[in-house]
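Structure data follow from structure-v1.txt (compact mmCIF, C-alpha atoms and all ligand atoms):
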# COMPACT_ATOMS: atom_id res chain seq x y z
CA MET A 1071 74.43 234.15 73.37
CA THR A 1072 70.84 235.36 73.13
CA ASP A 1073 68.94 238.60 72.88
CA GLN A 1074 70.14 239.34 76.44
CA THR A 1075 73.49 240.23 74.85
CA PRO A 1076 74.37 243.87 74.09
CA ASN A 1077 73.09 245.42 70.87
CA PRO A 1078 69.81 243.50 70.56
CA GLU A 1079 68.73 245.85 67.74
CA LEU A 1080 71.84 245.19 65.67
CA ARG A 1081 71.54 241.49 66.38
CA ARG A 1082 67.91 241.44 65.27
CA TRP A 1083 68.79 243.28 62.05
CA LEU A 1084 71.74 240.97 61.33
CA ARG A 1085 69.45 237.99 61.77
CA THR A 1086 67.12 239.28 59.03
CA LEU A 1087 69.94 239.31 56.46
CA PRO A 1088 70.02 236.12 54.35
CA LYS A 1089 73.51 234.68 54.81
CA ALA A 1090 75.55 231.56 54.11
CA GLU A 1091 77.99 229.87 56.45
CA LEU A 1092 80.94 228.35 54.59
CA HIS A 1093 83.37 227.36 57.32
CA LEU A 1094 81.78 225.11 59.89
CA HIS A 1095 83.03 221.80 61.28
CA ILE A 1096 80.05 219.72 62.29
CA GLU A 1097 82.14 218.03 65.01
CA GLY A 1098 82.79 221.52 66.35
CA THR A 1099 79.08 222.07 66.98
CA LEU A 1100 78.94 219.38 69.67
CA GLU A 1101 77.63 221.25 72.71
CA PRO A 1102 78.60 219.80 76.11
CA GLU A 1103 74.95 218.95 76.87
CA LEU A 1104 74.71 216.74 73.77
CA MET A 1105 78.20 215.35 74.47
CA PHE A 1106 76.97 214.10 77.84
CA GLU A 1107 73.73 212.74 76.42
CA LEU A 1108 75.54 210.79 73.70
CA ALA A 1109 78.17 209.55 76.16
CA ARG A 1110 75.39 208.16 78.33
CA ARG A 1111 73.57 206.66 75.34
CA ASN A 1112 76.73 204.96 74.04
CA GLY A 1113 78.35 203.99 77.34
CA VAL A 1114 81.35 206.25 76.71
CA THR A 1115 83.16 207.56 79.79
CA LEU A 1116 84.05 211.25 79.66
CA PRO A 1117 86.93 212.65 81.72
CA TYR A 1118 84.62 215.40 83.07
CA ALA A 1119 82.14 215.38 85.95
CA SER A 1120 79.66 217.84 84.45
CA VAL A 1121 78.68 220.05 81.54
CA GLU A 1122 80.17 222.99 83.46
CA ALA A 1123 83.47 221.13 83.84
CA VAL A 1124 83.60 220.55 80.08
CA ARG A 1125 83.02 224.24 79.39
CA ALA A 1126 85.62 225.19 81.97
CA ALA A 1127 88.16 223.03 80.12
CA TYR A 1128 87.76 225.13 76.96
CA GLN A 1129 90.76 227.36 77.64
CA PHE A 1130 92.93 227.10 74.56
CA THR A 1131 96.43 228.39 73.99
CA ASP A 1132 96.73 227.47 70.32
CA LEU A 1133 95.18 225.29 67.59
CA GLN A 1134 96.62 222.02 68.91
CA SER A 1135 95.33 222.58 72.45
CA PHE A 1136 91.85 222.90 70.94
CA LEU A 1137 92.19 219.96 68.54
CA ASP A 1138 93.11 217.62 71.41
CA LEU A 1139 89.74 218.31 73.09
CA TYR A 1140 87.83 218.41 69.80
CA TYR A 1141 88.97 214.90 68.82
CA ALA A 1142 88.32 213.58 72.34
CA GLY A 1143 84.80 215.08 72.32
CA ALA A 1144 84.02 213.51 68.94
CA GLY A 1145 84.53 210.11 70.58
CA VAL A 1146 80.89 210.13 71.77
CA LEU A 1147 79.62 210.05 68.16
CA VAL A 1148 78.96 206.41 67.32
CA THR A 1149 75.60 205.74 65.66
CA GLU A 1150 73.72 207.15 62.69
CA GLN A 1151 71.31 208.75 65.16
CA ASP A 1152 74.23 210.54 66.89
CA PHE A 1153 75.37 212.17 63.63
CA TYR A 1154 71.75 213.04 62.85
CA ASP A 1155 71.23 214.62 66.29
CA LEU A 1156 74.45 216.61 65.99
CA ALA A 1157 73.63 218.04 62.56
CA ALA A 1158 69.94 218.60 63.33
CA ALA A 1159 70.85 220.69 66.40
CA TYR A 1160 73.28 222.80 64.36
CA LEU A 1161 70.78 223.35 61.55
CA ARG A 1162 68.09 224.52 63.97
CA ARG A 1163 70.58 227.01 65.33
CA ALA A 1164 71.72 228.04 61.84
CA HIS A 1165 68.14 228.69 60.82
CA ALA A 1166 67.55 230.80 63.95
CA ASP A 1167 70.61 232.91 62.99
CA GLY A 1168 69.13 233.69 59.57
CA LEU A 1169 71.36 231.37 57.56
CA CYS A 1170 69.78 230.30 54.29
CA HIS A 1171 72.63 228.04 53.16
CA VAL A 1172 75.47 226.20 54.93
CA GLU A 1173 78.53 224.30 53.68
CA ILE A 1174 79.46 221.84 56.38
CA MET A 1175 82.86 220.18 56.81
CA PHE A 1176 83.11 216.77 58.39
CA ASP A 1177 86.20 214.71 59.26
CA PRO A 1178 85.52 211.03 58.44
CA GLN A 1179 88.96 209.93 59.66
CA THR A 1180 88.11 211.15 63.18
CA HIS A 1181 85.38 208.51 63.19
CA THR A 1182 86.68 205.69 61.00
CA GLN A 1183 89.85 205.55 63.14
CA ARG A 1184 87.56 204.61 66.05
CA GLY A 1185 85.79 201.90 64.06
CA VAL A 1186 82.73 203.94 63.00
CA ALA A 1187 81.78 203.12 59.40
CA ILE A 1188 81.92 206.03 56.96
CA ASP A 1189 78.41 205.04 55.77
CA THR A 1190 77.11 205.74 59.30
CA VAL A 1191 78.59 209.24 59.25
CA PHE A 1192 77.18 210.10 55.82
CA ALA A 1193 73.76 208.61 56.57
CA GLY A 1194 73.20 210.50 59.83
CA LEU A 1195 74.42 213.85 58.51
CA ALA A 1196 72.49 213.53 55.26
CA ARG A 1197 69.21 212.67 57.00
CA ALA A 1198 69.46 215.86 59.08
CA LEU A 1199 70.48 218.02 56.10
CA ARG A 1200 67.66 216.79 53.87
CA GLU A 1201 65.12 217.15 56.66
CA ALA A 1202 66.26 220.75 57.35
CA ARG A 1203 66.00 221.53 53.64
CA ASP A 1204 62.40 220.26 53.61
CA THR A 1205 61.20 221.61 56.96
CA LEU A 1206 63.26 224.78 57.53
CA GLY A 1207 64.06 225.71 53.94
CA ILE A 1208 67.80 225.85 54.64
CA SER A 1209 70.01 224.36 51.92
CA SER A 1210 73.32 222.68 52.64
CA TYR A 1211 76.35 220.98 51.15
CA LEU A 1212 78.93 218.64 52.66
CA LEU A 1213 82.69 219.09 52.34
CA LEU A 1214 84.60 215.92 53.23
CA SER A 1215 87.77 217.09 54.97
CA PHE A 1216 91.04 215.20 55.19
CA LEU A 1217 93.06 215.42 58.40
CA ARG A 1218 96.40 216.95 57.48
CA HIS A 1219 98.32 215.47 60.44
CA LEU A 1220 97.69 212.05 58.84
CA SER A 1221 99.36 210.83 55.64
CA GLU A 1222 98.30 211.43 52.07
CA GLU A 1223 97.91 207.66 51.77
CA ASP A 1224 95.35 207.77 54.57
CA ALA A 1225 93.51 210.54 52.70
CA PHE A 1226 93.47 208.37 49.56
CA ASP A 1227 92.06 205.46 51.61
CA THR A 1228 89.34 207.75 52.98
CA LEU A 1229 88.46 208.94 49.49
CA ALA A 1230 88.27 205.33 48.29
CA ALA A 1231 85.94 204.43 51.17
CA ALA A 1232 83.69 207.43 50.47
CA LEU A 1233 83.45 207.25 46.68
CA PRO A 1234 80.98 204.32 46.54
CA LEU A 1235 78.58 206.60 48.47
CA ARG A 1236 78.89 209.48 46.05
CA GLU A 1237 75.82 208.71 43.99
CA ALA A 1238 73.60 208.35 47.07
CA TYR A 1239 74.71 211.74 48.38
CA ARG A 1240 75.24 213.63 45.12
CA ASP A 1241 72.80 216.37 46.19
CA LEU A 1242 74.94 217.12 49.28
CA TRP A 1243 78.57 216.05 48.92
CA VAL A 1244 80.10 218.64 46.61
CA GLY A 1245 83.58 219.26 47.92
CA ILE A 1246 86.79 218.41 49.69
CA GLY A 1247 88.58 220.22 52.51
CA LEU A 1248 91.79 219.97 54.54
CA ASP A 1249 91.94 220.67 58.27
CA SER A 1250 93.65 219.79 61.59
CA SER A 1251 97.20 220.71 62.73
CA GLU A 1252 98.47 223.24 60.21
CA ARG A 1253 102.08 223.94 61.18
CA GLY A 1254 104.42 221.33 59.75
CA ASN A 1255 101.68 219.90 57.50
CA PRO A 1256 101.84 222.12 54.39
CA PRO A 1257 99.22 221.87 51.66
CA GLU A 1258 101.69 220.30 49.20
CA LYS A 1259 101.65 217.13 51.33
CA PHE A 1260 98.24 216.47 49.69
CA THR A 1261 98.99 217.45 46.08
CA ARG A 1262 98.21 214.05 44.53
CA VAL A 1263 94.97 213.40 46.39
CA TYR A 1264 93.71 216.92 45.59
CA ALA A 1265 94.59 216.39 41.91
CA ARG A 1266 92.49 213.21 41.99
CA CYS A 1267 89.59 215.01 43.68
CA ALA A 1268 89.76 217.74 41.01
CA GLU A 1269 89.56 215.06 38.28
CA LEU A 1270 86.51 213.67 40.04
CA GLY A 1271 84.83 217.08 39.81
CA PHE A 1272 84.83 218.07 43.48
CA ARG A 1273 85.02 221.70 44.61
CA LEU A 1274 88.23 222.22 46.58
CA VAL A 1275 88.94 224.22 49.74
CA ALA A 1276 91.71 224.01 52.36
CA HIS A 1277 92.57 225.56 55.69
CA ALA A 1278 95.64 227.75 55.18
CA GLY A 1279 97.13 230.78 56.89
CA GLU A 1280 95.33 230.24 60.20
CA GLU A 1281 98.42 229.54 62.34
CA GLY A 1282 100.59 228.59 59.39
CA PRO A 1283 102.40 231.13 57.19
CA ALA A 1284 101.12 233.02 54.15
CA ALA A 1285 103.26 230.64 52.07
CA TYR A 1286 100.72 227.89 52.86
CA VAL A 1287 97.97 230.02 51.29
CA ARG A 1288 100.11 230.28 48.16
CA THR A 1289 100.67 226.53 47.95
CA ALA A 1290 97.00 225.81 48.66
CA LEU A 1291 96.23 227.95 45.59
CA ASP A 1292 99.11 226.94 43.33
CA THR A 1293 99.56 223.28 44.27
CA LEU A 1294 96.18 222.11 45.56
CA ARG A 1295 94.33 224.49 43.21
CA VAL A 1296 91.63 225.32 45.74
CA SER A 1297 89.00 227.90 44.88
CA ARG A 1298 88.45 229.08 48.46
CA ILE A 1299 90.73 229.43 51.49
CA ASP A 1300 89.57 228.59 55.02
CA HIS A 1301 90.88 231.30 57.39
CA GLY A 1302 93.68 232.81 55.27
CA VAL A 1303 94.13 235.67 57.74
CA ARG A 1304 97.93 235.38 57.56
CA SER A 1305 97.73 236.28 53.84
CA SER A 1306 98.17 239.94 54.75
CA ASP A 1307 101.77 239.15 55.79
CA ASP A 1308 102.51 238.88 52.04
CA PRO A 1309 101.30 241.98 50.15
CA ASP A 1310 101.76 240.36 46.71
CA LEU A 1311 99.66 237.38 47.78
CA LEU A 1312 96.97 239.66 49.16
CA GLN A 1313 96.83 241.55 45.86
CA GLN A 1314 96.46 238.21 44.03
CA LEU A 1315 93.58 237.17 46.33
CA ILE A 1316 91.86 240.51 45.69
CA ARG A 1317 92.44 240.41 41.92
CA GLN A 1318 91.21 236.84 41.57
CA ARG A 1319 88.36 237.30 44.07
CA ILE A 1320 89.47 234.24 46.05
CA PRO A 1321 87.16 233.96 49.07
CA LEU A 1322 88.58 233.75 52.59
CA THR A 1323 86.28 232.10 55.13
CA VAL A 1324 87.30 234.07 58.21
CA CYS A 1325 86.30 232.97 61.74
CA PRO A 1326 86.88 235.90 64.13
CA LEU A 1327 85.89 234.29 67.46
CA SER A 1328 87.88 231.17 66.58
CA ASN A 1329 90.95 233.32 65.88
CA LEU A 1330 90.46 235.03 69.24
CA LYS A 1331 90.01 231.79 71.22
CA LEU A 1332 93.02 230.10 69.59
CA GLY A 1333 95.34 233.07 70.07
CA VAL A 1334 95.69 233.92 66.37
CA VAL A 1335 94.80 237.47 67.51
CA LYS A 1336 95.05 238.86 71.05
CA THR A 1337 91.90 240.98 70.76
CA LEU A 1338 89.11 241.20 68.17
CA ALA A 1339 89.89 244.90 67.78
CA GLU A 1340 93.20 243.98 66.15
CA HIS A 1341 91.69 241.38 63.81
CA ASN A 1342 92.46 242.14 60.15
CA LEU A 1343 88.93 241.26 58.93
CA ALA A 1344 87.97 244.91 58.43
CA ARG A 1345 91.32 245.79 56.80
CA LEU A 1346 90.95 242.86 54.39
CA LEU A 1347 87.37 243.85 53.59
CA ARG A 1348 88.26 247.52 53.06
CA ALA A 1349 91.20 246.48 50.82
CA GLY A 1350 88.70 244.68 48.59
CA ALA A 1351 89.24 241.04 49.62
CA MET A 1352 86.30 238.62 49.35
CA VAL A 1353 86.07 237.93 53.09
CA THR A 1354 83.20 236.12 54.79
CA ILE A 1355 82.28 235.61 58.47
CA ASN A 1356 81.90 232.09 59.89
CA ALA A 1357 81.88 230.24 63.22
CA ASP A 1358 84.35 227.34 62.64
CA ASP A 1359 83.66 225.33 65.85
CA PRO A 1360 80.95 227.29 67.66
CA ALA A 1361 80.43 224.90 70.59
CA TYR A 1362 84.09 225.31 71.52
CA PHE A 1363 84.61 228.99 70.74
CA GLY A 1364 81.54 230.45 72.43
CA GLY A 1365 79.66 231.77 69.45
CA TYR A 1366 77.64 230.84 66.37
CA VAL A 1367 77.66 232.82 63.15
CA LEU A 1368 75.49 235.67 64.37
CA ASP A 1369 77.69 236.05 67.44
CA ASN A 1370 80.67 236.33 65.08
CA TYR A 1371 78.97 239.03 63.00
CA LEU A 1372 77.93 240.97 66.08
CA ALA A 1373 81.27 240.74 67.90
CA SER A 1374 83.11 241.78 64.72
CA ALA A 1375 80.71 244.64 64.05
CA VAL A 1376 81.28 246.03 67.53
CA ALA A 1377 85.05 245.44 67.79
CA LEU A 1378 85.84 246.67 64.28
CA ASP A 1379 83.18 249.34 63.93
CA LEU A 1380 81.73 247.75 60.80
CA SER A 1381 79.08 249.84 59.06
CA HIS A 1382 75.70 248.48 58.00
CA ASP A 1383 76.89 248.57 54.37
CA GLU A 1384 79.98 246.56 55.30
CA LEU A 1385 77.86 243.99 57.14
CA VAL A 1386 75.61 243.65 54.09
CA THR A 1387 78.72 243.23 51.91
CA LEU A 1388 79.93 240.45 54.23
CA ALA A 1389 76.56 238.70 53.93
CA ALA A 1390 76.62 239.14 50.12
CA ASN A 1391 80.18 237.78 50.01
CA SER A 1392 79.03 234.66 51.83
CA ILE A 1393 76.48 234.01 49.07
CA HIS A 1394 78.90 234.84 46.23
CA ALA A 1395 81.58 232.59 47.73
CA SER A 1396 79.28 229.61 48.20
CA PHE A 1397 79.17 226.66 45.81
CA LEU A 1398 75.49 227.24 45.03
CA PRO A 1399 74.45 227.42 41.36
CA THR A 1400 74.30 230.97 39.96
CA PRO A 1401 70.46 231.20 39.82
CA ASP A 1402 70.27 230.30 43.52
CA LYS A 1403 72.93 232.88 44.35
CA ASN A 1404 71.04 235.54 42.41
CA ARG A 1405 67.77 234.72 44.19
CA LEU A 1406 69.44 234.96 47.61
CA LEU A 1407 71.26 238.17 46.68
CA ASP A 1408 67.91 239.69 45.66
CA GLN A 1409 66.44 238.64 49.02
CA LEU A 1410 69.46 240.13 50.78
CA ALA A 1411 69.10 243.44 48.93
CA HIS A 1412 65.45 243.54 49.96
CA ALA A 1413 66.20 242.71 53.61
CA ALA A 1414 69.02 245.27 53.75
CA SER A 1415 66.71 247.99 52.41
CA GLN A 1416 64.31 247.30 55.31
CA GLY A 1417 67.03 247.96 57.90
N1 LIG B 1501 89.39 221.35 62.73
C1 LIG B 1501 88.33 221.90 63.34
N2 LIG B 1501 88.53 223.22 63.50
C2 LIG B 1501 89.72 223.52 62.95
C3 LIG B 1501 90.47 224.71 62.77
N3 LIG B 1501 90.04 225.89 63.19
N4 LIG B 1501 91.66 224.62 62.17
C4 LIG B 1501 92.13 223.45 61.74
N5 LIG B 1501 91.46 222.30 61.88
C5 LIG B 1501 90.26 222.34 62.48
ZN ZN B 1502 88.14 225.36 60.50
Structure rendered as structure tokens:
Amino acid sequence: MTDQTPNPELRRWLRTLPKAELHLHIEGTLEPELMFELARRNGVTLPYASVEAVRAAYQFTDLQSFLDLYYAGAGVLVTEQDFYDLAAAYLRRAHADGLCHVEIMFDPQTHTQRGVAIDTVFAGLARALREARDTLGISSYLLLSFLRHLSEEDAFDTLAAALPLREAYRDLWVGIGLDSSERGNPPEKFTRVYARCAELGFRLVAHAGEEGPAAYVRTALDTLRVSRIDHGVRSSDDPDLLQQLIRQRIPLTVCPLSNLKLGVVKTLAEHNLARLLRAGAMVTINADDPAYFGGYVLDNYLASAVALDLSHDELVTLAANSIHASFLPTPDKNRLLDQLAHAASQG
């Protein structure tokens, strides 16, 4: 979407608000144009005739129908330059949307299973992230995410392969996530590997309560001991859990357009984002997999604002929540919150 979209004034104002994006899969930022370019560069055959045919295939019925295409698309990512190009394109877009900080998930198993070395993945992403920090002034962290449809042993193997790289990427790699097919793969499947990651000092997040039940949010908190929940929209099915999230200020990284495209909600107007916010939950707005769901973070803010009649104050609160809920050090958060207060007072 561009300024041709409805509400250009609101969009322009939203762009001026300093914001953080906390739920973003870098593999989910692979636009069809880049997919074709990388396929050509790497001699990979795609089962589509054109960019338009790829976009036309993005008709999802649920999470799994999306994941099947997402993993197939990631097959064009082979070299360090590919991972660099992918992340550099996202960061340019993030900067244009007024993001000042991003926490990016990546799925090493998606690549190592195809014979791509984990060093290649780290090196390409890190080069783009450091360059964007220096040239665009946008800061970023990496969250290494385990695929939950695979075994805990596989997650341990991935951690073992990544740990020798920790020192080289200490400025970026701060945390661990859990994604992929949620139903039937409860958080407790990964209790031991999360305990190990906690001992190692990583920040912990996990997808829970996207398609799966509110009970998965509980076990992500109680068993995996995460400090932030990705999605978590099903938490409102359990009023006691919701009260706990509010009391403990546990952030939920909500992705409205993703929820719409994957059938978690039938319409944005019935999304519980505004109800959660008005109940006092620490909700944030994020894009998840923008190349597949038809919108980056600003599109998510704008679509939510329109569908849910969010006030300017509520939109500023959502931006402030994104900074509070980030893993940035407190002085950095305070500086960004000051900038946000200033920007909001200009609107
Ligand atoms: N991997 C990429 N996007 C995802 C999502 N929305 N849920 C679970 N796993 C994912
Ligand atoms: Zn996600």
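Neighbouring residues of ligand LIG 1501 (chain B) at a cut-off of 6 Å, counting only C-alpha atoms and all ligand atoms, are His1095, Asp1249, Ser1250, Ser1251, Asp1358 and Asp1359 of chain A.
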Which residues are near Phe1136 of chain A? Cut-off 9 Å, only C-alpha atoms, ignore same chain within fewer than 6 positions. Put them as a PyMOL selection string.
chain A and resi 1128-1130+1332+1362
Between atom CA of Asp1177 of chain A and atom CA of Leu1214 of chain A, what is the distance in Å, rounded to a tenth?
6.4 Å
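Atom to atom, atom CA of Glu1252 of chain A and atom CA of Leu1217 of chain A stand 9.7 Å apart.
Atom CA of Thr1261 of chain A is positioned 5.5 Å from atom CA of Leu1294 of chain A.
Candidate residues A:Glu1122, A:Asp1300, A:Glu1079, A:Glu1281 were compared for distance to ligand ZN 1502 (chain B), and the nearest is A:Asp1300, using only C-alpha atoms and all ligand atoms.
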Name the residues in contact with Leu1291 of chain A at a cut-off of 10 Å, using only C-alpha atoms, excluding same-chain residues fewer than 6 positions from it; report them as a VMD selection string.
chain A and resid 1257 1274 to 1276 1278 1285 1297 to 1299 1315 1320
How would you write as a VMD selection string the residues that get within 8 Å of (84.8, 206.7, 67.7) in the file's frame, counting all atoms listed in the file?
chain A and resid 1144 to 1148 1180 to 1186
Go ahead and save the picked residues with C-alpha atoms, as a short mmCIF file (atom, residue, chain, number, x, y, z; two decimals), keeping the file's coordinate frame.
data_model
loop_
_atom_site.label_atom_id
_atom_site.label_comp_id
_atom_site.auth_asym_id
_atom_site.auth_seq_id
_atom_site.Cartn_x
_atom_site.Cartn_y
_atom_site.Cartn_z
CA ALA A 1144 84.02 213.51 68.94
CA GLY A 1145 84.53 210.11 70.58
CA VAL A 1146 80.89 210.13 71.77
CA LEU A 1147 79.62 210.05 68.16
CA VAL A 1148 78.96 206.41 67.32
CA THR A 1180 88.11 211.15 63.18
CA HIS A 1181 85.38 208.51 63.19
CA THR A 1182 86.68 205.69 61.00
CA GLN A 1183 89.85 205.55 63.14
CA ARG A 1184 87.56 204.61 66.05
CA GLY A 1185 85.79 201.90 64.06
CA VAL A 1186 82.73 203.94 63.00
#
